[in-house]
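Trainee: Take a look at this one; I'll ask things after.
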Amino acid sequence: MADLSSLVEAMRERAGALAELGYKVRFDLTDTGEAILLDATGGGVEVGEGGGEADAVLKLSSDTLDKLITGRIGPLLAFSTGRLKVEGSQGVALKLAGLLDPG
């Protein structure tokens, strides 16, 4: 299981690809009760620990998030198998999925 700081760091490494998202997305980690907020508004990308208002909220385990970031599982597969649940804007979640998907 990946820890919160390594997940945040991995997202920061992908910031270039995520910059065009243009929205705020919160990742609620179901196994740890922690959250990561990705803010891609204002032309840059900020990734930090903790919650906050977001256009879309993704609920998933830290292991699933790690697999998404590293490309070991596709976002649509994670969603269709129930490992990823989306609250809020489905469109924002789909756009994020397109940016995360290495294929």
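Please note that chains go A, B, ... in the order of the structure tokens, that every chain numbers its residues from 1, and that ligands are numbered from 1 in the order shown.
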I'd like the neighbourhood of Thr41 in chain A as a short mmCIF file (atom, residue, chain, number, x, y, z; two decimals) with all heavy atoms, in the first residue's frame, where a residue qualifies if any of its atoms comes within 9 Å (using only C-alpha atoms), though same-chain residues fewer than 4 positions away should be ignored.

Mentor:
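The result, stored in selection_0.cif:
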```cif
data_model
loop_
_atom_site.label_atom_id
_atom_site.label_comp_id
_atom_site.auth_asym_id
_atom_site.auth_seq_id
_atom_site.Cartn_x
_atom_site.Cartn_y
_atom_site.Cartn_z
N ALA A 19 -1.99 19.70 -15.94
CA ALA A 19 -2.21 21.15 -15.95
C ALA A 19 -3.40 21.56 -16.80
O ALA A 19 -4.08 22.53 -16.49
CB ALA A 19 -0.94 21.86 -16.42
N GLU A 20 -3.66 20.83 -17.87
CA GLU A 20 -4.76 21.21 -18.75
C GLU A 20 -6.12 20.80 -18.23
O GLU A 20 -7.14 21.08 -18.87
CB GLU A 20 -4.52 20.66 -20.15
CG GLU A 20 -4.43 19.15 -20.22
CD GLU A 20 -3.95 18.68 -21.58
OE1 GLU A 20 -2.73 18.60 -21.78
OE2 GLU A 20 -4.81 18.38 -22.42
N LEU A 21 -6.18 20.15 -17.08
CA LEU A 21 -7.47 19.74 -16.51
C LEU A 21 -8.36 20.95 -16.24
O LEU A 21 -9.52 20.97 -16.62
CB LEU A 21 -7.24 18.93 -15.23
CG LEU A 21 -8.49 18.43 -14.52
CD1 LEU A 21 -9.25 17.43 -15.40
CD2 LEU A 21 -8.14 17.78 -13.19
N GLY A 22 -7.83 21.97 -15.55
CA GLY A 22 -8.58 23.19 -15.32
C GLY A 22 -9.62 23.12 -14.22
O GLY A 22 -10.47 24.01 -14.12
N TYR A 23 -9.60 22.09 -13.40
CA TYR A 23 -10.59 21.92 -12.33
C TYR A 23 -9.90 21.45 -11.06
O TYR A 23 -8.73 21.09 -11.07
CB TYR A 23 -11.65 20.88 -12.72
CG TYR A 23 -12.50 21.28 -13.89
CD1 TYR A 23 -12.18 20.87 -15.18
CD2 TYR A 23 -13.62 22.08 -13.71
CE1 TYR A 23 -12.96 21.25 -16.27
CE2 TYR A 23 -14.41 22.46 -14.79
CZ TYR A 23 -14.07 22.04 -16.06
OH TYR A 23 -14.84 22.41 -17.12
N LYS A 24 -10.70 21.41 -9.99
CA LYS A 24 -10.23 20.83 -8.73
C LYS A 24 -10.83 19.43 -8.57
O LYS A 24 -12.02 19.25 -8.79
CB LYS A 24 -10.67 21.69 -7.53
CG LYS A 24 -9.97 23.03 -7.43
CD LYS A 24 -10.43 23.75 -6.19
CE LYS A 24 -9.76 25.11 -6.09
NZ LYS A 24 -10.18 25.82 -4.88
N VAL A 45 -0.64 23.54 -11.40
CA VAL A 45 -1.18 22.40 -10.68
C VAL A 45 -0.62 22.40 -9.27
O VAL A 45 0.59 22.47 -9.09
CB VAL A 45 -0.82 21.07 -11.37
CG1 VAL A 45 -1.31 19.89 -10.54
CG2 VAL A 45 -1.41 21.01 -12.76
N GLU A 46 -1.51 22.35 -8.30
CA GLU A 46 -1.09 22.21 -6.91
C GLU A 46 -1.69 20.91 -6.39
O GLU A 46 -2.87 20.64 -6.59
CB GLU A 46 -1.58 23.38 -6.06
CG GLU A 46 -0.88 24.69 -6.38
CD GLU A 46 -1.34 25.81 -5.46
OE1 GLU A 46 -1.73 25.53 -4.31
OE2 GLU A 46 -1.29 26.96 -5.90
#
```

Trainee: Neighbours of range 64-66 of chain A within 12 Å (only C-alpha atoms; same-chain residues fewer than 2 positions away dropped), as an NGL selection string?

Mentor: :A and (1-11 or 26-31 or 35-36 or 58-62 or 68-75 or 77-79 or 81-85 or 97 or 100)

Trainee: Between A:Val47, A:Leu38, A:Ala54, A:Val25, which residue has the minimum interatomic distance to Ala93 in chain A, considering only C-alpha atoms?

Mentor: A:Val25

Trainee: Please extract the residues of chain A with a backbone DSSP assignment of alpha helix (DSSP H) and present them as number ranges by chain.

Mentor: A: 4-13, 15-18, 62-70, 75-80, 90-100

Trainee: Based on the backbone DSSP call, show me all residues of range 18-90 of chain A assigned strand (DSSP E or B), as a VMD selection string.

Mentor: chain A and resid 24 to 29 35 to 39 46 to 49 56 to 60 84 to 88

Trainee: Filtering to C-alpha atoms, could you give me those residues as an mmCIF file, in the first residue's frame?

Mentor:
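Generated output (out_20.cif):
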```cif
data_model
loop_
_atom_site.group_PDB
_atom_site.id
_atom_site.type_symbol
_atom_site.label_atom_id
_atom_site.label_comp_id
_atom_site.auth_asym_id
_atom_site.auth_seq_id
_atom_site.Cartn_x
_atom_site.Cartn_y
_atom_site.Cartn_z
ATOM 1 C CA LYS A 24 -10.228 20.833 -8.729
ATOM 2 C CA VAL A 25 -10.413 17.114 -7.986
ATOM 3 C CA ARG A 26 -10.341 15.535 -4.529
ATOM 4 C CA PHE A 27 -9.230 11.949 -4.052
ATOM 5 C CA ASP A 28 -10.849 10.426 -0.956
ATOM 6 C CA LEU A 29 -8.821 7.386 0.073
ATOM 7 C CA ALA A 35 -7.658 12.932 1.096
ATOM 8 C CA ILE A 36 -5.555 14.524 -1.634
ATOM 9 C CA LEU A 37 -6.648 17.711 -3.376
ATOM 10 C CA LEU A 38 -5.490 18.352 -6.932
ATOM 11 C CA ASP A 39 -6.054 21.971 -7.954
ATOM 12 C CA GLU A 46 -1.093 22.206 -6.910
ATOM 13 C CA VAL A 47 -1.307 18.854 -5.168
ATOM 14 C CA GLY A 48 -1.637 18.649 -1.420
ATOM 15 C CA GLU A 49 -2.848 16.547 1.443
ATOM 16 C CA ALA A 56 -15.286 16.090 -8.706
ATOM 17 C CA VAL A 57 -14.559 13.703 -5.832
ATOM 18 C CA LEU A 58 -13.023 10.319 -6.579
ATOM 19 C CA LYS A 59 -13.398 7.661 -3.889
ATOM 20 C CA LEU A 60 -10.850 4.867 -4.129
ATOM 21 C CA LEU A 84 -13.343 3.907 -8.248
ATOM 22 C CA LYS A 85 -16.484 5.870 -7.427
ATOM 23 C CA VAL A 86 -17.178 9.404 -8.667
ATOM 24 C CA GLU A 87 -19.172 12.158 -6.967
ATOM 25 C CA GLY A 88 -19.777 15.527 -8.556
#
```

Trainee: Could you please determine the separation between CA of Asp63 in chain A and CA of Ser89 in chain A in Å, to one decimal place?

Mentor: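 Spanning CA of Asp63 in chain A to CA of Ser89 in chain A is a straight-line distance of 23.2 Å.
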
Trainee: At what distance in Å, to one decimal, does CA of Leu76 in chain A lie from CA of Gly44 in chain A?

Mentor: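 Going from CA of Gly44 in chain A over to CA of Leu76 in chain A covers 25.5 Å.
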
Trainee: Using only C-alpha atoms, pick whichever of A:Arg12, A:Leu18, A:Ser80, A:Gly91 has the shortest atom-to-atom distance to Gly43 in chain A.

Mentor: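 Ranked by minimum distance to Gly43 in chain A, first place goes to A:Leu18.
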
Trainee: Could you state the separation of CA of Gly52 in chain A and CA of Thr32 in chain A in Å, given to one decimal place?

Mentor: 16.9 Å
